[in-house]
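**Student:** Below is entry12.txt; it holds compact mmCIF, C-alpha atoms.
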# COMPACT_ATOMS: atom_id res chain seq x y z
CA MET T 738 115.22 222.70 64.81
CA THR T 739 111.49 222.51 65.44
CA LEU T 740 109.68 221.22 68.51
CA ARG T 741 108.76 218.10 66.58
CA ASP T 742 112.42 217.50 65.64
CA PHE T 743 113.27 217.84 69.31
CA ILE T 744 110.60 215.34 70.41
CA ASP T 745 111.64 212.95 67.65
CA LYS T 746 115.21 213.14 68.83
CA LEU T 747 114.18 212.65 72.45
CA LEU T 748 112.22 209.52 71.60
CA GLY T 749 114.89 208.26 69.21
CA ARG T 750 112.45 208.43 66.31
CA GLN T 751 113.39 209.07 62.72
CA ALA T 752 113.28 212.78 61.87
CA ALA T 753 110.46 214.13 59.71
CA SER T 754 111.38 213.57 56.08
CA ALA T 755 111.19 217.30 55.30
CA THR T 756 113.88 217.95 57.91
CA THR T 757 116.07 215.24 56.41
CA ALA T 758 115.44 216.64 52.92
CA LYS T 759 116.48 220.13 54.00
CA GLN T 760 119.67 218.93 55.65
CA ARG T 761 120.64 216.77 52.68
CA LEU T 762 119.93 219.60 50.25
CA GLN T 763 121.98 222.12 52.20
CA LEU T 764 124.94 219.77 52.24
CA VAL T 765 124.77 218.84 48.57
CA LEU T 766 124.28 222.46 47.52
CA ALA T 767 127.28 223.60 49.53
CA HIS T 768 129.36 221.17 47.50
CA ASP T 769 127.66 221.98 44.18
CA ARG T 770 128.20 225.70 44.68
CA SER T 771 131.80 225.49 45.81
CA ASP T 772 132.75 223.09 43.01
CA LEU T 773 135.14 221.28 45.37
CA ASN T 774 135.30 217.54 45.00
CA PRO T 775 135.38 215.38 48.16
CA GLU T 776 139.08 214.45 47.74
CA LEU T 777 140.15 218.08 47.49
CA LEU T 778 138.03 218.97 50.49
CA GLU T 779 139.57 216.12 52.48
CA GLN T 780 143.08 217.22 51.48
CA MET T 781 142.30 220.79 52.50
CA ARG T 782 140.89 219.55 55.81
CA ARG T 783 144.05 217.58 56.56
CA GLU T 784 146.30 220.53 55.73
CA ILE T 785 144.25 222.94 57.84
CA LEU T 786 144.44 220.57 60.82
CA GLU T 787 148.19 220.22 60.27
CA VAL T 788 148.73 223.97 60.40
CA VAL T 789 146.51 224.49 63.41
CA GLN T 790 148.21 221.65 65.29
CA ARG T 791 151.54 223.44 65.01
CA TYR T 792 150.21 226.14 67.31
CA VAL T 793 147.62 224.48 69.51
CA GLU T 794 146.75 220.98 70.57
CA ILE T 795 143.30 220.24 69.22
CA ASP T 796 140.72 217.59 69.90
CA LEU T 797 140.70 215.66 66.63
CA GLU T 798 137.63 213.62 67.60
CA GLY T 799 135.47 216.66 68.26
CA GLY T 800 136.86 218.67 65.34
CA ASP T 801 134.98 219.36 62.16
CA VAL T 802 135.82 221.18 58.94
CA SER T 803 132.92 221.45 56.53
CA LEU T 804 131.19 223.55 53.93
CA GLU T 805 128.02 225.34 54.88
CA THR T 806 125.79 227.41 52.72
CA ASP T 807 123.35 230.15 53.54
CA ASP T 808 121.69 232.75 51.35
CA ARG T 809 123.78 231.63 48.34
CA VAL T 810 127.05 232.23 50.21
CA THR T 811 129.15 229.17 50.86
CA ALA T 812 131.39 229.26 53.89
CA LEU T 813 134.16 226.98 55.04
CA VAL T 814 133.43 226.37 58.69
CA ALA T 815 136.07 224.91 60.99
CA ASN T 816 135.09 223.95 64.48
CA LEU T 817 138.23 222.81 66.29
CA PRO T 818 138.06 222.44 70.08
CA ILE T 819 141.43 223.46 71.59
CA ARG T 820 142.86 221.22 74.34
CA ARG T 821 145.74 223.55 75.17
CA THR T 822 148.10 225.90 73.41
CA ARG T 823 151.59 224.66 72.79
CA PRO T 824 154.22 226.40 74.92
CA VAL T 825 156.55 226.65 71.91
CA PRO T 826 154.83 226.63 68.52
CA VAL T 827 156.14 223.93 66.21
CA VAL T 828 156.97 226.40 63.47
CA MET T 829 158.15 225.30 60.06
CA PRO T 830 161.96 225.04 59.69
CA THR T 831 164.11 227.91 58.58
CA HIS T 832 163.47 228.18 54.85
CA ASP T 833 160.92 230.93 55.51
CA ALA T 834 162.99 233.27 53.34
CA HIS T 835 161.70 231.21 50.40
CA ILE T 836 158.17 231.12 51.59
CA SER T 837 157.68 234.67 52.77
CA ASP T 838 158.60 236.00 49.32
CA PRO T 839 155.64 234.83 47.23
CA LEU T 840 153.15 235.22 50.03
CA PRO T 841 152.49 238.99 49.82
CA GLU T 842 151.73 238.60 46.11
CA GLU T 843 149.20 235.85 46.62
CA ASP T 844 147.48 237.56 49.50
CA PRO T 845 145.21 240.05 47.68
CA GLU T 846 143.75 237.38 45.42
CA GLU T 847 143.05 235.07 48.29
CA GLU T 848 141.28 237.84 50.09
CA LYS T 849 139.08 238.43 47.08
CA GLY T 850 138.19 234.76 46.89
CA ALA T 851 137.38 234.70 50.56
CA ALA T 852 135.03 237.63 50.24
CA THR T 853 132.99 236.20 47.38
CA GLU T 854 132.94 232.48 48.01
CA ALA T 855 134.56 231.18 51.10
CA GLY T 856 133.93 233.76 53.76
CA ILE T 857 134.94 232.33 57.12
CA PRO T 858 132.65 233.55 59.85
CA GLY T 859 134.14 234.33 63.24
CA MET U 1029 98.70 250.50 23.10
CA THR U 1030 102.32 251.53 23.11
CA SER U 1031 104.39 250.33 26.03
CA ALA U 1032 107.87 251.63 26.72
CA LYS U 1033 109.73 248.37 26.61
CA ALA U 1034 108.91 244.70 26.39
CA ARG U 1035 109.86 242.42 29.25
CA ILE U 1036 111.80 239.39 28.04
CA ILE U 1037 111.33 236.69 30.67
CA LEU U 1038 112.97 233.27 30.71
CA ILE U 1039 110.96 230.47 32.28
CA CYS U 1040 113.34 227.74 33.40
CA SER U 1041 113.85 224.99 35.99
CA GLY U 1042 116.88 222.85 35.24
CA LYS U 1043 115.01 219.63 35.92
CA GLY U 1044 112.45 218.44 33.38
CA GLY U 1045 108.80 217.82 34.17
CA VAL U 1046 108.37 220.36 36.96
CA GLY U 1047 105.98 222.59 35.00
CA LYS U 1048 107.90 225.08 32.83
CA THR U 1049 105.74 224.69 29.77
CA THR U 1050 102.48 224.61 31.76
CA LEU U 1051 103.51 227.84 33.50
CA THR U 1052 104.48 229.48 30.20
CA ALA U 1053 101.15 228.59 28.59
CA ASN U 1054 99.02 229.65 31.57
CA LEU U 1055 100.99 232.80 32.30
CA GLY U 1056 100.90 233.77 28.64
CA ILE U 1057 97.12 233.43 28.47
CA ALA U 1058 96.63 235.17 31.85
CA LEU U 1059 98.76 238.16 30.85
CA ALA U 1060 96.94 238.38 27.53
CA ARG U 1061 93.61 238.33 29.37
CA LEU U 1062 94.86 241.26 31.45
CA GLY U 1063 95.28 243.18 28.20
CA ALA U 1064 98.99 242.73 27.52
CA ARG U 1065 100.35 241.71 24.14
CA VAL U 1066 102.23 238.47 24.75
CA ALA U 1067 104.58 236.37 22.64
CA VAL U 1068 105.54 232.92 23.87
CA LEU U 1069 108.74 231.58 22.37
CA ASP U 1070 109.32 227.84 22.56
CA ALA U 1071 113.09 227.58 22.88
CA ASP U 1072 112.91 223.82 23.26
CA PHE U 1073 112.92 222.80 19.60
CA GLY U 1074 114.19 219.26 20.18
CA LEU U 1075 111.19 218.35 22.29
CA ARG U 1076 108.79 221.22 21.81
CA ASN U 1077 105.46 221.00 23.56
CA LEU U 1078 104.22 224.53 24.13
CA ASP U 1079 102.14 224.29 20.93
CA LEU U 1080 100.39 221.22 22.33
CA LEU U 1081 99.52 222.83 25.68
CA LEU U 1082 98.12 225.88 23.89
CA GLY U 1083 96.13 223.76 21.44
CA LEU U 1084 98.06 225.21 18.50
CA GLU U 1085 99.88 222.08 17.34
CA ASN U 1086 98.18 221.93 13.94
CA ARG U 1087 98.74 225.53 13.03
CA ILE U 1088 102.51 225.81 12.96
CA VAL U 1089 103.90 226.43 9.48
CA PHE U 1090 107.13 228.33 10.04
CA THR U 1091 109.58 228.71 12.94
CA ALA U 1092 112.07 231.30 14.13
CA GLN U 1093 114.64 229.65 11.90
CA GLU U 1094 112.73 230.56 8.74
CA VAL U 1095 112.38 234.12 10.03
CA LEU U 1096 116.14 234.36 10.62
CA SER U 1097 116.96 232.95 7.18
CA GLU U 1098 114.37 235.34 5.70
CA THR U 1099 112.34 232.51 4.19
CA CYS U 1100 109.28 234.15 5.73
CA ARG U 1101 108.25 237.29 7.59
CA LEU U 1102 107.85 237.35 11.37
CA ASP U 1103 104.07 237.78 11.19
CA GLN U 1104 103.82 234.70 8.97
CA ALA U 1105 105.62 232.58 11.56
CA LEU U 1106 103.65 233.87 14.55
CA VAL U 1107 100.70 231.63 15.45
CA LYS U 1108 97.88 233.65 16.96
CA HIS U 1109 95.79 231.98 19.65
CA LYS U 1110 92.21 231.28 18.59
CA GLN U 1111 90.39 232.44 21.72
CA GLU U 1112 92.98 234.91 22.94
CA PRO U 1113 94.25 237.02 20.03
CA ASN U 1114 96.57 239.00 22.35
CA LEU U 1115 98.77 235.90 22.52
CA ALA U 1116 101.01 234.55 19.78
CA LEU U 1117 103.30 231.52 19.71
CA LEU U 1118 106.63 231.28 17.95
CA PRO U 1119 108.49 227.97 17.94
CA ALA U 1120 112.27 228.44 17.80
CA GLY U 1121 112.68 225.52 15.44
CA ASN U 1122 111.58 222.01 14.68
CA PRO U 1123 113.07 218.66 15.71
CA ARG U 1124 114.26 217.94 12.16
CA MET U 1125 116.26 221.13 12.00
CA LEU U 1126 119.68 220.70 10.39
CA GLU U 1127 121.40 223.70 11.86
CA TRP U 1128 121.21 224.53 15.53
CA LEU U 1129 120.39 228.03 16.60
CA THR U 1130 123.10 230.07 18.31
CA PRO U 1131 122.79 232.39 21.33
CA GLU U 1132 122.99 235.32 18.88
CA ASP U 1133 120.05 233.91 16.89
CA MET U 1134 117.97 233.70 20.03
CA GLN U 1135 118.86 237.28 20.97
CA LYS U 1136 117.85 238.48 17.49
CA ILE U 1137 114.50 236.69 17.62
CA ALA U 1138 113.73 237.93 21.14
CA GLN U 1139 114.52 241.50 20.09
CA LEU U 1140 112.29 241.19 17.02
CA LEU U 1141 109.45 240.02 19.25
CA ALA U 1142 110.16 242.73 21.83
CA GLU U 1143 109.38 245.38 19.22
CA ARG U 1144 105.82 244.14 18.83
CA PHE U 1145 104.84 242.75 22.22
CA ASP U 1146 104.69 243.78 25.88
CA TYR U 1147 105.92 240.41 27.12
CA VAL U 1148 108.19 237.83 25.53
CA LEU U 1149 108.02 234.60 27.54
CA ILE U 1150 110.77 232.12 26.66
CA ASP U 1151 110.00 228.49 27.47
CA CYS U 1152 113.44 227.11 28.26
CA PRO U 1153 114.49 223.51 27.60
CA ALA U 1154 115.40 221.30 30.56
CA GLY U 1155 119.06 220.84 31.40
CA ILE U 1156 121.89 223.34 31.63
CA GLU U 1157 123.57 222.64 28.30
CA ASP U 1158 123.47 224.51 24.96
CA GLY U 1159 119.68 224.69 24.77
CA PHE U 1160 119.55 226.43 28.13
CA LYS U 1161 122.46 228.73 27.29
CA ASN U 1162 120.84 229.78 24.00
CA ALA U 1163 117.57 230.60 25.69
CA ALA U 1164 119.23 232.36 28.63
CA ALA U 1165 121.30 234.55 26.29
CA ALA U 1166 118.13 236.27 25.11
CA ALA U 1167 116.62 236.80 28.56
CA GLU U 1168 116.58 239.92 30.68
CA GLU U 1169 114.75 238.51 33.67
CA ALA U 1170 113.80 235.00 34.75
CA ILE U 1171 111.21 232.94 36.54
CA VAL U 1172 112.60 229.75 38.03
CA ILE U 1173 109.98 227.10 38.66
CA THR U 1174 110.55 224.17 40.98
CA THR U 1175 108.70 221.62 43.09
CA PRO U 1176 109.36 220.98 46.80
CA GLU U 1177 111.55 217.97 46.05
CA VAL U 1178 115.28 217.64 46.63
CA SER U 1179 116.19 216.87 43.01
CA ALA U 1180 114.15 219.75 41.57
CA VAL U 1181 115.49 222.25 44.10
CA ARG U 1182 119.06 221.13 43.51
CA ASP U 1183 118.72 221.55 39.74
CA ALA U 1184 117.00 224.91 40.20
CA ASP U 1185 119.99 226.01 42.27
CA ARG U 1186 122.37 225.19 39.41
CA VAL U 1187 120.24 227.23 37.04
CA VAL U 1188 120.13 230.18 39.45
CA GLY U 1189 123.94 230.06 39.66
CA LEU U 1190 124.23 230.24 35.85
CA LEU U 1191 121.66 233.03 35.58
CA ASN U 1192 123.53 235.05 38.21
CA VAL U 1193 126.71 234.75 36.17
CA GLN U 1194 124.82 235.95 33.07
CA GLY U 1195 123.52 238.96 34.97
CA VAL U 1196 119.85 238.01 34.48
CA LYS U 1197 117.79 239.95 37.01
CA PRO U 1198 115.41 239.83 38.72
CA ILE U 1199 115.10 236.07 39.20
CA GLN U 1200 111.84 235.09 40.87
CA LEU U 1201 110.54 231.75 42.08
CA VAL U 1202 107.34 229.83 41.40
CA LEU U 1203 106.82 226.83 43.66
CA ASN U 1204 104.75 224.21 41.87
CA ARG U 1205 102.85 221.08 42.88
CA VAL U 1206 102.60 221.97 46.56
CA ARG U 1207 100.71 219.47 48.73
CA PRO U 1208 99.54 221.45 51.78
CA LYS U 1209 98.73 218.42 53.91
CA MET U 1210 102.13 216.82 53.41
CA MET U 1211 103.78 220.17 54.12
CA ALA U 1212 101.79 220.61 57.34
CA ASN U 1213 102.90 217.12 58.39
CA GLN U 1214 106.52 217.97 57.64
CA GLU U 1215 106.69 215.31 54.96
CA MET U 1216 107.43 217.84 52.23
CA LEU U 1217 109.97 220.69 52.11
CA ALA U 1218 108.29 223.82 53.49
CA VAL U 1219 107.74 226.92 51.38
CA ASP U 1220 110.19 228.89 53.54
CA ASP U 1221 112.79 226.13 53.22
CA VAL U 1222 112.77 226.32 49.43
CA THR U 1223 112.80 230.12 49.23
CA SER U 1224 115.60 230.43 51.79
CA ILE U 1225 117.73 227.69 50.23
CA LEU U 1226 117.45 229.21 46.76
CA ALA U 1227 117.49 232.78 48.14
CA LEU U 1228 114.84 233.91 45.66
CA PRO U 1229 111.70 236.02 46.14
CA LEU U 1230 108.50 234.00 45.76
CA LEU U 1231 106.37 235.07 42.79
CA GLY U 1232 103.79 232.33 43.03
CA LEU U 1233 102.71 229.14 44.72
CA VAL U 1234 100.74 226.49 42.84
CA ILE U 1235 98.92 223.71 44.67
CA GLU U 1236 98.92 220.23 43.14
CA ASP U 1237 95.78 220.21 41.03
CA GLU U 1238 94.35 217.44 38.83
CA GLN U 1239 92.73 220.05 36.63
CA VAL U 1240 96.18 220.80 35.19
CA ILE U 1241 96.20 217.38 33.55
CA VAL U 1242 92.64 217.80 32.29
CA SER U 1243 93.55 221.15 30.76
CA THR U 1244 96.64 219.80 29.00
CA ASN U 1245 94.55 216.93 27.63
CA ARG U 1246 92.32 219.50 25.98
CA GLY U 1247 95.01 221.96 24.96
CA GLU U 1248 93.21 224.69 26.87
CA PRO U 1249 95.26 226.38 29.61
CA LEU U 1250 93.37 226.78 32.90
CA THR U 1251 93.66 230.57 32.79
CA LEU U 1252 91.63 230.55 29.58
CA ASN U 1253 88.45 229.58 31.42
CA GLY U 1254 88.47 231.94 34.34
CA THR U 1255 89.78 230.94 37.71
CA SER U 1256 87.59 228.09 38.85
CA SER U 1257 90.51 225.82 39.74
CA PRO U 1258 93.17 226.41 42.43
CA ALA U 1259 96.06 226.11 39.96
CA GLY U 1260 94.32 228.43 37.48
CA ARG U 1261 93.93 231.04 40.22
CA ALA U 1262 97.58 230.64 41.18
CA TYR U 1263 98.75 231.18 37.59
CA GLN U 1264 96.54 234.23 37.27
CA ASN U 1265 97.99 235.65 40.48
CA VAL U 1266 101.50 235.19 39.07
CA ALA U 1267 100.42 237.25 36.04
CA ARG U 1268 98.95 239.98 38.24
CA ARG U 1269 102.07 240.15 40.39
CA LEU U 1270 104.20 240.47 37.24
CA GLN U 1271 101.98 243.38 36.26
CA GLY U 1272 102.92 245.04 39.53
CA GLU U 1273 99.96 244.17 41.73
CA ASP U 1274 100.78 243.58 45.37
CA LEU U 1275 98.98 240.31 46.11
CA PRO U 1276 99.92 238.46 49.29
CA ILE U 1277 100.99 234.83 48.95
CA VAL U 1278 99.25 232.50 51.38
CA ASP U 1279 101.15 229.45 52.56
CA PRO U 1280 98.43 226.76 52.26
CA SER U 1281 100.10 224.50 54.81
CA LYS U 1282 99.56 227.17 57.50
CA GLN U 1283 96.15 228.30 56.31
CA ARG U 1284 93.72 225.91 57.99
CA LYS U 1285 92.39 226.80 61.42
CA GLY U 1286 91.40 224.58 64.35
CA LEU U 1287 93.02 222.88 67.28
CA ARG U 1288 94.84 220.24 65.25
CA THR U 1289 96.37 222.85 62.99
CA GLN U 1290 97.41 224.94 65.96
CA ILE U 1291 99.14 221.96 67.54
CA LYS U 1292 100.86 221.25 64.23
CA ALA U 1293 101.96 224.86 63.96
CA LEU U 1294 103.41 224.64 67.47
CA LEU U 1295 105.26 221.44 66.56
CA THR U 1296 106.76 222.92 63.39
CA LYS U 1297 107.72 226.26 64.90
CA LYS U 1298 111.45 226.84 64.87
CA LEU U 1299 112.99 226.55 68.32
CA PHE U 1300 116.46 227.68 67.24
Turn this file's structure into structure tokens for me.
**Tutor:**
Amino acid sequence: MTLRDFIDKLLGRQAASATTAKQRLQLVLAHDRSDLNPELLEQMRREILEVVQRYVEIDLEGGDVSLETDDRVTALVANLPIRRTRPVPVVMPTHDAHISDPLPEEDPEEEKGAATEAGIPG
Amino acid sequence: MTSAKARIILICSGKGGVGKTTLTANLGIALARLGARVAVLDADFGLRNLDLLLGLENRIVFTAQEVLSETCRLDQALVKHKQEPNLALLPAGNPRMLEWLTPEDMQKIAQLLAERFDYVLIDCPAGIEDGFKNAAAAAEEAIVITTPEVSAVRDADRVVGLLNVQGVKPIQLVLNRVRPKMMANQEMLAVDDVTSILALPLLGLVIEDEQVIVSTNRGEPLTLNGTSSPAGRAYQNVARRLQGEDLPIVDPSKQRKGLRTQIKALLTKKLF
């Protein structure tokens, strides 16, 4: 943000068109580069929220899951304000014997993908 | 003059009309003026225009296709520039061509040219389809040219992605049609914005210049007649940087001095 952006915001003026252009470009390029269509992204967002909500109570209004791109690296950024942790996590029912089996096999590949394309910053 | 190895450079943009062919013509002439032997290969045979910008449109007899089918020799197909004999043009094909060239054909032609020249500049067609893929297959390094507009930068980004996959390297950026005043007023994407978004090193910066149109009207690239125009100087600087000279690039939107400019600089400085 530049000083002019700040003043514009303060006065409720429209941002300089170059600032708007940059923001729009960054958003569209994040999508172009990740090759994720909006429906898939929305589905992923819902599932991520579902999983997180099993463990902590989150503020859905203030939450945000989006793609960001910097220096040709696209990152999935989740910003989920936590209201409070749940005393007892709402863990999935008992068929974890089924689930835990394929997981170790999938893990290495997912890690590779995360390193090249969807690194999630801390 | 015997150089170790020719540099085969793809000049591409994704979007049409941002200045690929103008850059190829001017860079070709400028490099030739610096003493290099240069071949410019027009890979856009559907809508070829490099001949027109170089003023060589009436002298084309054969194309790369006839060379590949051994209808003629390479030196028969090469069109030497009248005023700059260090530069020769080779069209890949003509619009009436029955058979399309393949990526292997383009590689063969580029290698043939590389044996005789110091630089092979490939003028890439717009788009990211077969024409682009053919041209990119022959390239070792690339210059991506774009303008500070959202559509051009977006398309350039797609092209950079494809070139990265192909292992083309280095990829350098030329920013064309810059309007310093608009940039200073934050009504045009800044130079730093474009370079950081595309994550490419800047090889050149060309200011919007009416002389470009005049020169294309005449079929005489600006670099042919010295460096009297801003764009001509910019193209010549690109050539010198390619040759290894370390010339600083001045951002024209930050160049002017005075109180107003200083206030503007303060306003556009990044806070966070």
**Student:** Using all atoms listed in the file, find which residues of chain U lie within 12 Å of chain T and jot them down as a PyMOL selection string.
**Tutor:** chain U and resi 1176-1190+1192+1210-1229+1291-1300
**Student:** May I have the selected residues written with C-alpha atoms, as a compact mmCIF listing (two decimals), keeping the file's coordinate frame?
**Tutor:**
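Okay, this is what ended up in part.txt:
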# COMPACT_ATOMS: atom_id res chain seq x y z
CA PRO U 1176 109.36 220.98 46.80
CA GLU U 1177 111.55 217.97 46.05
CA VAL U 1178 115.28 217.64 46.63
CA SER U 1179 116.19 216.87 43.01
CA ALA U 1180 114.15 219.75 41.57
CA VAL U 1181 115.49 222.25 44.10
CA ARG U 1182 119.06 221.13 43.51
CA ASP U 1183 118.72 221.55 39.74
CA ALA U 1184 117.00 224.91 40.20
CA ASP U 1185 119.99 226.01 42.27
CA ARG U 1186 122.37 225.19 39.41
CA VAL U 1187 120.24 227.23 37.04
CA VAL U 1188 120.13 230.18 39.45
CA GLY U 1189 123.94 230.06 39.66
CA LEU U 1190 124.23 230.24 35.85
CA ASN U 1192 123.53 235.05 38.21
CA MET U 1210 102.13 216.82 53.41
CA MET U 1211 103.78 220.17 54.12
CA ALA U 1212 101.79 220.61 57.34
CA ASN U 1213 102.90 217.12 58.39
CA GLN U 1214 106.52 217.97 57.64
CA GLU U 1215 106.69 215.31 54.96
CA MET U 1216 107.43 217.84 52.23
CA LEU U 1217 109.97 220.69 52.11
CA ALA U 1218 108.29 223.82 53.49
CA VAL U 1219 107.74 226.92 51.38
CA ASP U 1220 110.19 228.89 53.54
CA ASP U 1221 112.79 226.13 53.22
CA VAL U 1222 112.77 226.32 49.43
CA THR U 1223 112.80 230.12 49.23
CA SER U 1224 115.60 230.43 51.79
CA ILE U 1225 117.73 227.69 50.23
CA LEU U 1226 117.45 229.21 46.76
CA ALA U 1227 117.49 232.78 48.14
CA LEU U 1228 114.84 233.91 45.66
CA PRO U 1229 111.70 236.02 46.14
CA ILE U 1291 99.14 221.96 67.54
CA LYS U 1292 100.86 221.25 64.23
CA ALA U 1293 101.96 224.86 63.96
CA LEU U 1294 103.41 224.64 67.47
CA LEU U 1295 105.26 221.44 66.56
CA THR U 1296 106.76 222.92 63.39
CA LYS U 1297 107.72 226.26 64.90
CA LYS U 1298 111.45 226.84 64.87
CA LEU U 1299 112.99 226.55 68.32
CA PHE U 1300 116.46 227.68 67.24
**Student:** Please indicate the distance in Å from CA of Met1125 in chain U to CA of Thr1049 in chain U, rounded to one decimal place.
**Tutor:**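 Here the two named atoms are 21.0 Å from each other.
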**Student:** Suppose you want the space between CA of Asp745 in chain T and CA of Ala767 in chain T; what is it in Å?
**Tutor:**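 Value for the CA of Asp745 in chain T-CA of Ala767 in chain T distance: 26.2 Å.
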**Student:** Between CA of Gln1104 in chain U and CA of Ile1171 in chain U, what is the distance, to one decimal in Å?
**Tutor:** 28.6 Å
**Student:** Determine, for each residue of range 1191-1262 of chain U having at least one atom at most 7 Å from an atom of range 1079-1101 of chain U, the closest pair of atoms and their separation in Å to one decimal, counting only C-alpha atoms; order by chain and ascending number, as a Markdown table.
**Tutor:**
| residue | atom | partner | partner_atom | distance |
| --- | --- | --- | --- | --- |
| U:Thr1244 | CA | U:Leu1081 | CA | 5.3 |
| U:Gly1247 | CA | U:Gly1083 | CA | 4.1 |
| U:Glu1248 | CA | U:Leu1082 | CA | 5.9 |
| U:Pro1249 | CA | U:Leu1082 | CA | 6.4 |
